[in-house]
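*Asks:* The file below is data-v3.txt, compact mmCIF, C-alpha atoms:
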# COMPACT_ATOMS: atom_id res chain seq x y z
CA MET V 3 139.27 118.06 138.82
CA GLY V 4 138.15 121.15 137.01
CA ARG V 5 138.23 119.36 133.67
CA VAL V 6 135.57 119.52 130.99
CA THR V 7 134.48 115.92 130.52
CA ALA V 8 131.89 113.92 128.64
CA GLN V 9 130.77 110.35 128.37
CA LEU V 10 128.56 108.69 125.81
CA SER V 11 127.26 105.20 125.16
CA VAL V 12 127.79 104.26 121.54
CA SER V 13 127.37 101.20 119.38
CA LEU V 14 130.45 99.59 117.85
CA ASP V 15 129.68 101.54 114.69
CA GLY V 16 129.50 104.82 116.58
CA PHE V 17 125.77 105.48 116.99
CA TYR V 18 124.27 106.77 120.23
CA ALA V 19 120.69 106.34 118.99
CA GLY V 20 118.79 105.07 115.98
CA PRO V 21 117.87 107.37 113.08
CA ARG V 22 116.45 110.69 114.24
CA PHE V 23 112.73 110.70 114.87
CA ASP V 24 110.93 113.92 114.08
CA GLY V 25 107.32 112.85 114.61
CA PRO V 26 105.07 113.71 117.56
CA GLU V 27 106.89 113.54 120.92
CA GLY V 28 104.49 110.91 122.25
CA ASP V 29 105.54 108.50 119.51
CA TRP V 30 109.27 108.70 120.27
CA MET V 31 109.24 105.63 122.51
CA ALA V 32 108.11 103.48 119.58
CA SER V 33 110.62 104.95 117.14
CA ALA V 34 113.81 103.43 115.69
CA GLU V 35 115.70 106.33 117.31
CA SER V 36 114.52 105.17 120.71
CA ALA V 37 115.17 101.47 119.93
CA GLY V 38 118.82 102.24 119.19
CA PHE V 39 119.11 104.56 122.19
CA PHE V 40 117.75 101.99 124.62
CA ARG V 41 120.03 99.29 123.22
CA VAL V 42 123.21 101.29 123.77
CA THR V 43 122.09 102.54 127.20
CA ARG V 44 120.82 99.18 128.46
CA TRP V 45 123.91 98.78 130.68
CA VAL V 46 123.06 102.13 132.32
CA ILE V 47 119.44 101.30 132.96
CA ASP V 48 120.45 97.99 134.56
CA ALA V 49 122.96 99.68 136.88
CA MET V 50 122.09 100.38 140.48
CA ALA V 51 123.81 103.77 140.54
CA TRP V 52 121.60 105.09 137.76
CA ARG V 53 118.39 103.56 139.12
CA GLU V 54 119.05 105.03 142.54
CA ARG V 55 119.45 108.52 141.06
CA GLN V 56 116.21 108.06 139.13
CA GLY V 57 114.34 106.81 142.19
CA PHE V 58 113.84 103.37 140.64
CA ALA V 59 114.12 100.12 142.57
CA GLY V 60 116.60 97.33 141.87
CA GLY V 61 119.63 97.34 139.66
CA GLU V 62 122.98 95.64 139.67
CA GLN V 63 125.89 96.68 141.88
CA SER V 64 128.53 96.09 139.24
CA THR V 65 131.63 97.55 137.63
CA ASN V 66 129.27 99.32 135.24
CA SER V 67 127.41 100.83 138.17
CA GLU V 68 130.67 102.03 139.73
CA ILE V 69 131.56 103.84 136.52
CA ILE V 70 128.26 105.70 136.59
CA GLU V 71 128.76 106.58 140.26
CA GLU V 72 132.19 107.92 139.49
CA HIS V 73 130.82 110.23 136.78
CA PHE V 74 128.04 111.52 139.03
CA ALA V 75 130.54 112.16 141.84
CA ALA V 76 133.04 114.00 139.63
CA ALA V 77 130.55 116.45 138.07
CA GLY V 78 130.06 119.80 139.78
CA ALA V 79 127.93 121.19 136.96
CA TYR V 80 126.54 120.09 133.60
CA VAL V 81 126.23 121.53 130.10
CA MET V 82 123.36 120.20 128.02
CA GLY V 83 121.81 120.67 124.59
CA ARG V 84 118.33 122.06 124.15
CA ARG V 85 116.79 118.94 122.63
CA MET V 86 117.99 116.75 125.50
CA ALA V 87 116.84 119.25 128.12
CA ASP V 88 113.38 119.51 126.53
CA GLY V 89 113.07 115.74 126.16
CA GLY V 90 114.09 115.14 129.77
CA GLU V 91 112.04 117.84 131.45
CA VAL V 92 108.98 115.67 132.06
CA PRO V 93 110.58 112.23 132.63
CA TRP V 94 113.18 113.63 135.06
CA GLY V 95 110.37 115.06 137.15
CA GLU V 96 110.62 117.23 140.25
CA GLU V 97 113.94 115.80 141.37
CA PRO V 98 116.19 115.26 138.32
CA PRO V 99 119.20 112.95 138.61
CA PHE V 100 121.88 115.65 138.24
CA ARG V 101 121.87 117.20 141.74
CA ALA V 102 123.94 120.08 140.38
CA PRO V 103 123.47 123.17 138.19
CA VAL V 104 122.75 122.41 134.53
CA PHE V 105 123.47 124.97 131.81
CA VAL V 106 121.31 124.48 128.72
CA VAL V 107 122.58 125.82 125.37
CA THR V 108 119.56 127.25 123.57
CA HIS V 109 118.36 130.09 121.37
CA ARG V 110 115.27 130.75 123.50
CA GLU V 111 115.44 132.95 126.58
CA ARG V 112 113.87 131.33 129.61
CA ALA V 113 113.98 131.96 133.37
CA MET V 114 116.10 129.64 135.50
CA LEU V 115 114.23 126.52 136.52
CA GLY V 116 114.92 125.34 140.07
CA ARG V 117 114.32 121.71 140.98
CA LYS V 118 114.63 119.65 144.13
CA GLY V 119 117.82 117.89 145.18
CA GLY V 120 120.26 120.53 143.96
CA THR V 121 119.40 120.48 140.25
CA SER V 122 118.72 123.75 138.43
CA PHE V 123 118.42 124.53 134.72
CA THR V 124 119.94 127.80 133.50
CA TYR V 125 119.25 128.67 129.85
CA VAL V 126 122.27 130.12 128.08
CA THR V 127 121.66 131.95 124.81
CA ASP V 128 125.14 133.27 124.03
CA GLY V 129 126.79 130.06 122.94
CA ILE V 130 128.60 126.93 124.00
CA ALA V 131 131.79 128.55 125.29
CA SER V 132 129.72 130.79 127.57
CA ALA V 133 127.75 127.80 128.89
CA VAL V 134 131.00 125.96 129.65
CA GLU V 135 132.39 129.02 131.44
CA GLN V 136 129.25 129.49 133.52
CA ALA V 137 129.29 125.79 134.40
CA ARG V 138 132.93 126.01 135.41
CA ALA V 139 132.19 128.91 137.72
CA ALA V 140 129.33 126.94 139.28
CA ALA V 141 131.21 123.64 139.57
CA GLY V 142 133.20 124.59 142.66
CA GLY V 143 136.42 123.09 141.36
CA LYS V 144 134.77 119.83 140.29
CA ASP V 145 134.41 118.76 136.66
CA VAL V 146 132.08 120.27 134.11
CA ALA V 147 130.27 117.35 132.47
CA VAL V 148 128.86 117.76 128.98
CA ALA V 149 125.71 115.69 129.41
CA GLY V 150 124.77 115.59 125.74
CA GLY V 151 123.11 115.12 123.42
CA GLY V 152 125.47 114.00 120.75
CA THR V 153 125.18 117.14 118.64
CA LEU V 154 126.15 119.41 121.52
CA LEU V 155 129.01 117.07 122.44
CA ARG V 156 130.31 117.13 118.88
CA HIS V 157 130.18 120.93 118.87
CA VAL V 158 132.06 121.07 122.19
CA ILE V 159 134.76 118.81 120.71
CA ARG V 160 134.88 120.85 117.52
CA ALA V 161 135.36 124.03 119.56
CA GLY V 162 138.31 122.43 121.36
CA LEU V 163 136.60 122.75 124.74
CA LEU V 164 136.62 119.09 125.83
CA ASP V 165 139.46 117.71 127.98
CA GLU V 166 138.31 114.10 128.45
CA LEU V 167 135.88 111.79 126.71
CA GLU V 168 134.76 108.41 127.99
CA LEU V 169 133.09 106.23 125.39
CA HIS V 170 131.06 103.27 126.56
CA ILE V 171 131.38 101.02 123.51
CA VAL V 172 128.47 98.59 123.34
CA PRO V 173 128.93 95.37 121.36
CA VAL V 174 126.20 95.95 118.80
CA VAL V 175 126.18 97.23 115.22
CA LEU V 176 123.16 99.44 114.54
CA GLY V 177 123.96 100.22 110.91
CA THR V 178 122.29 103.62 110.96
CA GLY V 179 121.31 106.36 113.36
CA LEU V 180 122.73 109.38 115.15
CA ARG V 181 126.51 109.38 115.21
CA LEU V 182 128.72 111.31 117.61
CA PHE V 183 131.52 111.70 115.06
CA ASP V 184 129.53 112.87 112.12
CA ALA V 185 130.75 114.97 109.25
CA ASP V 186 130.72 118.42 110.84
CA LEU V 187 133.89 118.35 112.95
CA ASP V 188 135.38 121.02 110.70
CA LEU V 189 138.68 119.20 110.20
CA ALA V 190 140.94 120.37 107.39
CA ASP V 191 142.27 118.00 104.73
CA LYS V 192 144.79 115.64 106.37
CA GLU V 193 143.99 116.99 109.82
CA ALA V 194 142.93 114.80 112.75
CA ILE V 195 142.11 115.04 116.44
CA GLU V 196 144.62 113.07 118.49
CA LEU V 197 143.70 111.43 121.79
CA THR V 198 145.43 109.36 124.47
CA PRO V 199 143.70 106.42 126.13
CA LEU V 200 143.76 106.97 129.90
CA ARG V 201 141.83 103.90 131.08
CA VAL V 202 140.11 100.86 129.63
CA VAL V 203 137.56 98.93 131.68
CA PRO V 204 136.16 95.83 129.97
CA THR V 205 132.87 94.26 131.05
CA PRO V 206 130.74 91.71 129.19
CA GLU V 207 128.09 94.34 128.41
CA VAL V 208 130.28 97.28 127.40
CA THR V 209 133.89 98.41 127.00
CA HIS V 210 134.61 101.68 128.80
CA VAL V 211 137.46 103.67 127.24
CA ARG V 212 138.47 107.03 128.68
CA TYR V 213 140.49 109.37 126.48
CA ARG V 214 142.36 112.60 127.02
CA ILE V 215 141.83 114.86 124.02
CA ASP V 216 145.20 116.16 122.90
CA GLY V 217 143.87 118.34 120.10
CA ARG V 218 144.20 118.83 116.37
CA ALA V 219 147.30 117.68 114.55
CA PRO V 220 148.26 117.31 110.88
CA LEU V 221 148.39 113.82 109.38
CA HIS V 222 151.80 113.63 107.80
CA LEU V 223 153.00 110.90 105.48
CA ASP V 224 154.22 108.27 107.84
CA ASN V 225 155.30 105.27 105.83
CA ARG V 226 157.94 103.93 108.17
CA GLY V 227 157.76 100.51 106.60
CA ALA V 228 160.83 100.52 104.43
CA SER V 229 163.16 102.54 106.63
CA MET U 7 140.39 77.06 115.19
CA GLY U 8 138.53 76.72 111.94
CA ARG U 9 136.81 80.05 112.51
CA VAL U 10 136.38 82.83 109.97
CA THR U 11 138.10 85.82 111.51
CA ALA U 12 139.07 89.35 110.64
CA GLN U 13 140.96 92.21 112.16
CA LEU U 14 141.07 95.85 111.20
CA SER U 15 142.75 98.97 112.50
CA VAL U 16 140.24 101.78 112.77
CA SER U 17 140.17 105.31 114.09
CA LEU U 18 137.93 106.10 117.06
CA ASP U 19 135.35 107.33 114.56
CA GLY U 20 135.50 104.09 112.60
CA PHE U 21 137.68 104.89 109.59
CA TYR U 22 140.34 102.50 108.31
CA ALA U 23 141.70 105.03 105.80
CA GLY U 24 141.15 108.61 104.69
CA PRO U 25 138.72 109.50 101.90
CA ARG U 26 139.03 107.21 98.88
CA PHE U 27 141.64 108.27 96.36
CA ASP U 28 140.83 107.51 92.75
CA GLY U 29 143.72 109.28 91.01
CA PRO U 30 146.79 107.67 89.43
CA GLU U 31 148.19 104.80 91.51
CA GLY U 32 151.58 106.48 91.86
CA ASP U 33 149.98 109.40 93.68
CA TRP U 34 148.28 107.27 96.34
CA MET U 35 151.10 107.69 98.85
CA ALA U 36 150.54 111.45 98.90
CA SER U 37 146.75 111.17 99.21
CA ALA U 38 144.50 111.82 102.17
CA GLU U 39 143.38 108.16 101.92
CA SER U 40 146.95 107.07 102.54
CA ALA U 41 147.51 109.63 105.33
CA GLY U 42 144.55 108.20 107.25
CA PHE U 43 145.59 104.62 106.51
CA PHE U 44 149.14 105.13 107.77
CA ARG U 45 147.90 106.86 110.93
CA VAL U 46 145.65 103.96 111.96
CA THR U 47 148.24 101.32 111.02
CA ARG U 48 151.21 103.08 112.64
CA TRP U 49 151.15 100.62 115.55
CA VAL U 50 151.49 97.76 113.03
CA ILE U 51 154.37 99.29 111.14
CA ASP U 52 156.24 99.88 114.40
CA ALA U 53 155.78 96.26 115.52
CA MET U 54 158.56 93.74 115.16
CA ALA U 55 156.25 90.90 114.11
CA TRP U 56 155.03 92.85 111.11
CA ARG U 57 158.46 94.17 110.13
CA GLU U 58 159.94 90.70 110.30
CA ARG U 59 157.26 89.36 107.93
CA GLN U 60 157.96 92.23 105.55
CA GLY U 61 161.71 91.69 105.68
CA PHE U 62 162.26 95.08 107.34
CA ALA U 63 164.76 95.69 110.11
CA GLY U 64 163.95 96.92 113.60
CA GLY U 65 160.61 97.21 115.32
CA GLU U 66 159.36 96.91 118.84
CA GLN U 67 158.83 93.61 120.64
CA SER U 68 155.66 94.71 122.38
CA THR U 69 152.15 93.63 123.28
CA ASN U 70 151.11 95.06 119.93
CA SER U 71 153.66 92.90 118.17
CA GLU U 72 152.41 89.81 120.01
CA ILE U 73 148.90 90.48 118.79
CA ILE U 74 150.11 90.58 115.19
CA GLU U 75 152.09 87.37 115.69
CA GLU U 76 149.00 85.70 117.08
CA HIS U 77 146.96 86.61 114.01
CA PHE U 78 149.66 85.41 111.62
CA ALA U 79 149.94 82.12 113.54
CA ALA U 80 146.20 81.46 113.62
CA ALA U 81 145.56 81.97 109.89
CA GLY U 82 145.72 78.93 107.62
CA ALA U 83 144.38 80.81 104.61
CA TYR U 84 143.23 84.31 103.66
CA VAL U 85 140.36 85.87 101.78
CA MET U 86 141.07 89.24 100.20
CA GLY U 87 139.34 91.90 98.10
CA ARG U 88 140.47 92.70 94.59
CA ARG U 89 141.54 96.29 95.29
CA MET U 90 143.75 95.26 98.21
CA ALA U 91 145.29 92.39 96.22
CA ASP U 92 146.05 94.69 93.27
CA GLY U 93 147.46 97.40 95.52
CA GLY U 94 149.68 94.96 97.39
CA GLU U 95 151.00 92.97 94.45
CA VAL U 96 154.05 95.15 93.84
CA PRO U 97 154.91 96.26 97.42
CA TRP U 98 154.57 92.71 98.83
CA GLY U 99 157.14 91.54 96.27
CA GLU U 100 158.32 88.01 95.62
CA GLU U 101 157.77 86.81 99.18
CA PRO U 102 154.50 88.30 100.52
CA PRO U 103 153.90 88.33 104.27
CA PHE U 104 151.01 85.82 104.30
CA ARG U 105 152.88 82.50 103.93
CA ALA U 106 149.56 80.80 103.22
CA PRO U 107 147.06 80.53 100.34
CA VAL U 108 145.17 83.75 99.60
CA PHE U 109 141.79 83.70 97.83
CA VAL U 110 141.04 86.94 96.01
CA VAL U 111 137.39 87.84 95.35
CA THR U 112 137.28 89.39 91.88
CA HIS U 113 135.27 89.59 88.68
CA ARG U 114 138.31 88.99 86.46
CA GLU U 115 139.52 85.47 85.71
CA ARG U 116 143.23 85.07 86.28
CA ALA U 117 145.60 82.11 86.71
CA MET U 118 146.82 81.26 90.19
CA LEU U 119 149.89 83.26 91.18
CA GLY U 120 152.48 81.33 93.19
CA ARG U 121 154.91 83.25 95.40
CA LYS U 122 157.79 82.27 97.64
CA GLY U 123 157.40 81.40 101.31
CA GLY U 124 154.08 79.60 101.00
CA THR U 125 151.95 82.45 99.68
CA SER U 126 149.74 81.91 96.62
CA PHE U 127 146.97 84.03 95.14
CA THR U 128 143.92 82.21 93.77
CA TYR U 129 141.37 84.39 91.95
CA VAL U 130 137.78 83.47 92.78
CA THR U 131 135.06 84.76 90.46
CA ASP U 132 131.97 83.08 91.91
CA GLY U 133 131.52 85.16 95.00
CA ILE U 134 132.49 85.70 98.61
CA ALA U 135 130.93 82.53 100.04
CA SER U 136 132.84 80.44 97.53
CA ALA U 137 136.12 82.20 98.40
CA VAL U 138 135.52 81.53 102.11
CA GLU U 139 134.76 77.86 101.41
CA GLN U 140 137.87 77.42 99.27
CA ALA U 141 139.95 79.14 101.96
CA ARG U 142 138.46 76.87 104.62
CA ALA U 143 139.39 73.79 102.60
CA ALA U 144 142.93 75.14 102.21
CA ALA U 145 143.36 76.23 105.83
CA GLY U 146 144.01 72.75 107.22
CA GLY U 147 141.83 73.28 110.26
CA LYS U 148 143.33 76.69 111.06
CA ASP U 149 141.39 79.95 110.80
CA VAL U 150 140.33 81.64 107.60
CA ALA U 151 141.36 85.29 107.95
CA VAL U 152 139.54 87.94 105.97
CA ALA U 153 142.49 90.19 105.20
CA GLY U 154 140.49 93.11 103.84
CA GLY U 155 139.96 95.61 102.50
CA GLY U 156 137.14 97.17 104.39
CA THR U 157 134.54 96.75 101.66
CA LEU U 158 135.13 93.01 101.40
CA LEU U 159 135.08 92.70 105.19
CA ARG U 160 131.76 94.54 105.37
CA HIS U 161 130.33 92.23 102.72
CA VAL U 162 131.54 89.17 104.64
CA ILE U 163 129.82 90.49 107.79
CA ARG U 164 126.66 91.32 105.85
CA ALA U 165 126.57 87.78 104.47
CA GLY U 166 126.77 86.38 108.00
CA LEU U 167 130.06 84.60 107.24
CA LEU U 168 132.27 86.13 109.95
CA ASP U 169 132.72 84.43 113.34
CA GLU U 170 135.15 86.81 115.05
CA LEU U 171 136.24 90.39 114.53
CA GLU U 172 139.14 92.08 116.25
CA LEU U 173 139.12 95.85 115.99
CA HIS U 174 142.31 97.72 116.79
CA ILE U 175 140.85 101.04 117.91
CA VAL U 176 143.39 103.82 117.44
CA PRO U 177 143.00 107.00 119.53
CA VAL U 178 142.52 109.43 116.69
CA VAL U 179 139.47 111.05 115.09
CA LEU U 180 139.85 111.34 111.30
CA GLY U 181 136.49 112.97 110.62
CA THR U 182 136.14 111.50 107.15
CA GLY U 183 137.31 108.55 105.09
CA LEU U 184 136.56 104.90 104.43
CA ARG U 185 134.42 103.36 107.14
CA LEU U 186 134.07 99.66 107.90
CA PHE U 187 130.50 100.01 109.14
CA ASP U 188 129.07 102.06 106.35
CA ALA U 189 125.50 102.20 105.22
CA ASP U 190 125.27 99.00 103.19
CA LEU U 191 124.97 96.35 105.91
CA ASP U 192 121.45 95.60 104.71
CA LEU U 193 119.91 95.75 108.19
CA ALA U 194 116.13 96.03 108.45
CA ASP U 195 114.42 98.76 110.45
CA LYS U 196 115.08 98.12 114.17
CA GLU U 197 117.44 95.28 113.37
CA ALA U 198 121.02 95.08 114.69
CA ILE U 199 124.03 92.79 114.69
CA GLU U 200 124.83 91.63 118.23
CA LEU U 201 128.36 90.80 119.34
CA THR U 202 130.09 89.61 122.51
CA PRO U 203 133.45 91.02 123.59
CA LEU U 204 135.88 88.12 124.01
CA ARG U 205 139.05 89.99 124.94
CA VAL U 206 140.23 93.55 125.46
CA VAL U 207 143.94 94.40 125.37
CA PRO U 208 144.76 98.04 126.10
CA THR U 209 148.05 99.61 125.04
CA PRO U 210 148.98 103.30 124.85
CA GLU U 211 148.90 103.24 121.05
CA VAL U 212 145.75 101.21 120.42
CA THR U 213 142.93 99.33 122.15
CA HIS U 214 142.49 95.79 120.82
CA VAL U 215 138.94 94.46 121.20
CA ARG U 216 138.04 91.01 119.95
CA TYR U 217 134.37 90.21 119.37
CA ARG U 218 132.39 87.10 118.65
CA ILE U 219 129.65 87.91 116.14
CA ASP U 220 126.38 86.51 117.44
CA GLY U 221 124.30 87.55 114.47
CA ARG U 222 121.28 89.64 113.62
CA ALA U 223 118.62 90.36 116.22
CA PRO U 224 115.60 92.66 116.42
CA LEU U 225 115.85 95.81 118.54
CA HIS U 226 112.82 95.65 120.78
CA LEU U 227 111.58 98.44 123.01
CA ASP U 228 113.61 98.01 126.14
CA ASN U 229 112.74 100.81 128.52
CA ARG U 230 113.42 99.06 131.78
CA GLY U 231 113.74 102.35 133.61
CA ALA U 232 110.45 102.59 135.39
CA SER U 233 109.80 98.94 136.10
What would you get if you wrote out this structure as structure tokens?
*Replies:*
Amino acid sequence: MGRVTAQLSVSLDGFYAGPRFDGPEGDWMASAESAGFFRVTRWVIDAMAWRERQGFAGGEQSTNSEIIEEHFAAAGAYVMGRRMADGGEVPWGEEPPFRAPVFVVTHRERAMLGRKGGTSFTYVTDGIASAVEQARAAAGGKDVAVAGGGTLLRHVIRAGLLDELELHIVPVVLGTGLRLFDADLDLADKEAIELTPLRVVPTPEVTHVRYRIDGRAPLHLDNRGAS
Amino acid sequence: MGRVTAQLSVSLDGFYAGPRFDGPEGDWMASAESAGFFRVTRWVIDAMAWRERQGFAGGEQSTNSEIIEEHFAAAGAYVMGRRMADGGEVPWGEEPPFRAPVFVVTHRERAMLGRKGGTSFTYVTDGIASAVEQARAAAGGKDVAVAGGGTLLRHVIRAGLLDELELHIVPVVLGTGLRLFDADLDLADKEAIELTPLRVVPTPEVTHVRYRIDGRAPLHLDNRGAS
């Protein structure tokens, strides 16, 4: 507990959504961005634990659902990007699924938005590290979950602030779209980020792999073949 | 048996090597391309099954080694790209590790090259599909393994010729380099390649995920949330 964690559903080729859609908000549902997003999150939408939080009927009580439950239960507070917070504000409605304080990284000042069920949105204008710190203080010893989107998550990784990352790897190749590990990780030549797999949970719909992030390390020449 | 298969070691962000090195061949070992390549193939080089095939001493008899053995045993013939074949010609020496016919996709005519231990290199100039067919005829009912490199493998997938793909997902983020699933898969707007996970084998060094490739399918709007 007390870790900074994140989870993201990605295609086998690393996309969490189709190519970015910048048209009118009302057209997003018909966009290629949305088509990719709904494909990689299909396992979530079918899971009982997610549907219950959204106030939707039905859903499967499955291993996938248990993984979602586990993430909800572990999070004492959330950090979120501005685009995700804006996009969710209407669909999440009066009682958003988080049931915990959410800290939104943004450039625009805005008063705290209280919602039913324990969710609140606090707008943080002095950067990612500050949002993570405020979330940690609010999390009561539980985890701080970086809710997304992908750009914020990448920036949290780049800043060295993330302790654990669970990727839900969906067996589909999208070919194009929004990628978590895009080119702005700010790695030096022959530098990498090393991780350690902590848990692998295979299901027919998705492979859940949880990693501890060990941090940056140089890539040294490592041709042990002929020794 | 009789399938067209492939396997590739990739970083968590999808790279099978660092950024492409186009300098003098002798400098490749010191390049960032090589540094990335040796990081994602470290688990192979440490495995007894691979070292034995290379004529190297030592190595670990591990789950990872068993997976390599399994791939060697299943392959009756190989298909290979020209760059990989050229790069391997000297280091593989007189007795290359394949012990089976290898069909090299190239634009340059060249006479068949026989090697010890059952390996031969046949140069195919009339395309990937032809190389796969010739390999199938030579495989004696066993699998045709697409040995690589990544560009050839991507082209085989794009052409719809691959039945199974095993990715060895290594817990490292390289940030840049040569990616298997790069932008030239020739997918239409809102089109994807669907797969089914057949087997997941977790080890501390690498997560092995074997997929059946089901083929191209349209991405339809799939917002089942509110139903």
*Asks:* Kindly determine which residues of chain U lie within 7 Å of chain V, considering all atoms listed in the file, and give the answer as a VMD selection string.
*Replies:* chain U and resid 19 to 20 38 41 44 51 62 177 to 182 187 189 191 193 196 198 to 203 206 208 210 225 to 232
*Asks:* Give as a list in words each residue that has an atom at most 7 Å from (133.2, 86.7, 89.6) in the file, counting all atoms listed in the file.
*Replies:* Thr112, His113, Arg114, Val130, Thr131, Asp132 and Gly133 of chain U
*Asks:* Name the closest residue to Ala139 of chain V among the candidates V:Leu155, V:Glu71, V:Trp30, V:Gly4; distances are taken between atoms, counting only C-alpha atoms.
*Replies:* V:Gly4
*Asks:* In Å, how far is it from atom CA of Pro103 of chain V to atom CA of Ile70 of chain V?
*Replies:*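 These two atoms are separated by 18.2 Å.
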